[in-house]
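Notes for the one structure printed next.
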Amino acid sequence: MRESLRARCQQVADRLDRSVPMTKDELEQISRRMLEEADLPESYLGWVMVMISTSFWRHALEGVPPERRLFLLPHCLKHAEGCPAEYDEFGMNCKECGACSIADFRGLAEEMGYRVLVAEGSPVVLKIIVGGYVDAVIGVACLNVLEKAIDKVLLAGIPCMAVPLLSSDCRNTKVDEPWVDQMIRTPYKPAKQETRSYVHLMRAAGDLLTSETLDRVAPRLRSNGILGSGELSAESVAGMDAIAATEHIAFDFLTRGGKHSRPFITMAAYDAMTGGECTGSDAAMALEKLPPAVRRAALSIETFHKASLVHDDIEDDDAFRYGQPSLHKTFGVPTAINVGDYLVGMGYRLISDRSAMGGASPAAQIDVLDCLAAAHTRLGEGQGAELLWRDGTDRRLTPLDALKIYSLKTSPAFEAALFSGVRLGCDDDAEGDASGSAAAYRDAIRTFSRNLGVAFQILNDLGDFAGDDDNKLSAGGDVFGGRPTLLWALALESLDAAGQAELLSLADSECSLSDSARLAAVRRLYEKAGVFETAFRLVDKHQQRAEQVADQLEPEALRRLLYFLVDTVLERPEISSPKIVSLGAVAAVV
């Protein structure tokens, strides 16, 4: 039956338009329609979605040479008893012991030139791809792991094929081994990229924060010390000129980690407004033609973000950032504050330098500056409201107040990144004004960003309660440290007087319970108040509002970018996958 269904999925995939990647919703709709036509139950949905997606991408995978492919293998194929493999930072260091089929698959893949990673659901996958090491992924995993680990890869337009395991057991499970063998042996057929992909822009955003590109886009004025080499420390800058030291610390911090999502959004928005060539088959050439103004705008937004991280770490007294001691722990609070201020000034200078902003009209330059200044002001208002509430004595908070803080704290970054790219990509003439074409996008982008940012922040708070021990520690820090959250506000609104009194007492610094007992009690009250269900409904509402804005926008490339942001940013915790059922029964060919 699996063979029959896989053949049917391939027929369906061959009829689809491969010029753009499918969204999750599109893939689900296509899969449901196929199941309805075949009179098969919805419990097969997840499996069918994986099979259709795999068939959709097989042509693109053929265009990637094996040495540019990544092969993901799960831990659970190993023979649980007596497995000699050890684990390192990248996953399981598999040995060719013959106890399971991992070694066989791995040997074949490596012989063909693949990079192999035995780390089911590893978060390093997208990092490996964006880092430029591979251009396609094939994998074996449980159905839910495939959805979580590879979903964002698919949305980004990265060729990806997978074979689901035959059960969700975490030990000694099985897989259709001939399918895996066939997938590994997918032949290389040189061809131009057919499906649009954001990976080129993602890589360009990451490259923007390397020392070489930084020195080209925003040359340093005071120093030329090597950036990002080793741990940043007081000793490493002690011998520098005192004036040059601030510049060096700031530039070095810019190169330290991060997802670089804001620069990506700016460059992708500009590309969407100017033909979308940076997502097509000639992306490399198109990226070389990207105007300096766009790169500087993208970099400026990242400098603002990094400045806010320096200041946030001070306000929250966080000890580490990017795996190293935070700046205020390394250099002291006064110096860290000053470095954050320097980054703010650098961000504005990147845009205000008229001679360096090649490719931007004076009107566009002013509009971008105005947008960044407004965003910066609203971020300060949101952060200020949170700090004042955190340091106050009254723990009461309304849902509306919490949503206002979310909107001010989270949404402006999305808005600034999007509007800057759109404004620089508009066709307004050099003397354009508010009546130009960019004005039509301003309100739409603000509404989209507000709803996306609020939904993201709600999901972030939900994820703290739904995740692992580290997340639970974060949730405890929010509750007992006094961070205003929507979950807290919803509970206070829904509980009776006794429940409210108990909840407020749990946040009291004089509470005699242990932190774990307090957090368990908070969760019990949250569940009693139906907080989690209400929060998820609010996420759905804000997502729908964001999508309604996207639906009205042209060009199509911009609309697709906004949907990509919705799908990748709003990742829901504890989303249950369709139940994996046995497909061993014999059925008629469909």
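Residue names in the structure tokens use chain letters A, B, ... in the order shown, residue numbers from 1 in each chain, and ligand numbers from 1 in the order shown.
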Long-range neighbours of A:Arg321 as a list in words, 12 Å cut-off, only C-alpha atoms, 3 positions minimum in chain: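 Answer for this query is Glu231, Leu232, Phe253, Leu254, Arg256, Gly257, Gly258, Lys306, Leu309, Val310, His311, Asp312, Asp313, Ile314, Asp317, Asp318, Gln324, Pro325, Ser326, Leu327, His328, Lys329 and Thr330 of chain A.
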File of the preceding selection, N, CA and C atoms, as a JSON list (two decimals), in the first residue's frame:
[["chain", "number", "residue", "atom", "x", "y", "z"],
["A", 231, "GLU", "N", 37.94, 34.69, 22.04],
["A", 231, "GLU", "CA", 36.98, 35.32, 22.96],
["A", 231, "GLU", "C", 37.32, 36.79, 23.15],
["A", 232, "LEU", "N", 36.29, 37.62, 23.06],
["A", 232, "LEU", "CA", 36.47, 39.05, 23.28],
["A", 232, "LEU", "C", 36.70, 39.28, 24.77],
["A", 253, "PHE", "N", 31.55, 42.67, 18.25],
["A", 253, "PHE", "CA", 30.27, 42.16, 18.73],
["A", 253, "PHE", "C", 29.30, 41.93, 17.57],
["A", 254, "LEU", "N", 29.39, 42.77, 16.54],
["A", 254, "LEU", "CA", 28.53, 42.59, 15.38],
["A", 254, "LEU", "C", 28.79, 41.26, 14.68],
["A", 256, "ARG", "N", 29.57, 38.49, 16.12],
["A", 256, "ARG", "CA", 29.38, 37.36, 17.03],
["A", 256, "ARG", "C", 27.97, 36.79, 16.93],
["A", 257, "GLY", "N", 27.78, 35.76, 16.14],
["A", 257, "GLY", "CA", 26.53, 35.02, 16.16],
["A", 257, "GLY", "C", 25.31, 35.80, 15.72],
["A", 258, "GLY", "N", 24.15, 35.17, 15.94],
["A", 258, "GLY", "CA", 22.89, 35.77, 15.55],
["A", 258, "GLY", "C", 22.28, 35.08, 14.34],
["A", 306, "LYS", "N", 21.67, 44.65, 17.64],
["A", 306, "LYS", "CA", 22.78, 44.28, 18.51],
["A", 306, "LYS", "C", 22.91, 45.29, 19.67],
["A", 309, "LEU", "N", 20.50, 44.31, 22.27],
["A", 309, "LEU", "CA", 20.93, 43.13, 23.02],
["A", 309, "LEU", "C", 21.91, 43.50, 24.13],
["A", 310, "VAL", "N", 22.84, 44.41, 23.81],
["A", 310, "VAL", "CA", 23.79, 44.86, 24.83],
["A", 310, "VAL", "C", 23.04, 45.48, 26.00],
["A", 311, "HIS", "N", 22.09, 46.35, 25.70],
["A", 311, "HIS", "CA", 21.34, 47.02, 26.76],
["A", 311, "HIS", "C", 20.40, 46.06, 27.49],
["A", 312, "ASP", "N", 19.78, 45.13, 26.76],
["A", 312, "ASP", "CA", 18.90, 44.14, 27.41],
["A", 312, "ASP", "C", 19.68, 43.28, 28.39],
["A", 313, "ASP", "N", 20.89, 42.87, 27.98],
["A", 313, "ASP", "CA", 21.71, 42.04, 28.86],
["A", 313, "ASP", "C", 22.02, 42.77, 30.16],
["A", 314, "ILE", "N", 22.23, 44.06, 30.07],
["A", 314, "ILE", "CA", 22.49, 44.86, 31.28],
["A", 314, "ILE", "C", 21.22, 44.94, 32.13],
["A", 317, "ASP", "N", 20.63, 41.59, 33.51],
["A", 317, "ASP", "CA", 21.84, 41.03, 34.11],
["A", 317, "ASP", "C", 22.12, 39.63, 33.61],
["A", 318, "ASP", "N", 21.96, 39.44, 32.28],
["A", 318, "ASP", "CA", 22.27, 38.14, 31.68],
["A", 318, "ASP", "C", 23.78, 37.98, 31.60],
["A", 324, "GLN", "N", 29.49, 33.47, 24.98],
["A", 324, "GLN", "CA", 30.59, 34.18, 25.65],
["A", 324, "GLN", "C", 30.02, 35.09, 26.73],
["A", 325, "PRO", "N", 30.84, 35.49, 27.69],
["A", 325, "PRO", "CA", 30.33, 36.44, 28.70],
["A", 325, "PRO", "C", 29.78, 37.69, 28.02],
["A", 326, "SER", "N", 28.65, 38.16, 28.49],
["A", 326, "SER", "CA", 28.04, 39.37, 27.91],
["A", 326, "SER", "C", 28.98, 40.56, 28.12],
["A", 327, "LEU", "N", 28.79, 41.59, 27.33],
["A", 327, "LEU", "CA", 29.73, 42.70, 27.32],
["A", 327, "LEU", "C", 29.87, 43.37, 28.69],
["A", 328, "HIS", "N", 28.75, 43.49, 29.41],
["A", 328, "HIS", "CA", 28.86, 44.18, 30.71],
["A", 328, "HIS", "C", 29.57, 43.31, 31.75],
["A", 329, "LYS", "N", 29.57, 41.98, 31.53],
["A", 329, "LYS", "CA", 30.34, 41.11, 32.42],
["A", 329, "LYS", "C", 31.83, 41.16, 32.09],
["A", 330, "THR", "N", 32.14, 41.45, 30.83],
["A", 330, "THR", "CA", 33.53, 41.48, 30.39],
["A", 330, "THR", "C", 34.18, 42.84, 30.63]]
Non-local contacts of stretch 448-457 of chain A (8 Å; only C-alpha atoms; under 2 positions in same chain excluded) as a PyMOL selection string: chain A and resi 403+406-407+410-412+414-415+444-446+459-461+538-540+542-543+545-547+549-550+566+569-570
Given only C-alpha atoms as the counted atoms, nearest of A:Gly276, A:Pro164, A:Gly425, A:Gly345 to A:Pro74: A:Pro164
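Atom CA of A:Leu525 is positioned 8.0 Å from atom CA of A:Leu495.
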Top pick for closest residue to A:Val140, considering A:Asn224, A:Gln365, A:Ser352, A:Thr54 and counting only C-alpha atoms: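 Closest to A:Val140, using only C-alpha atoms: A:Thr54.
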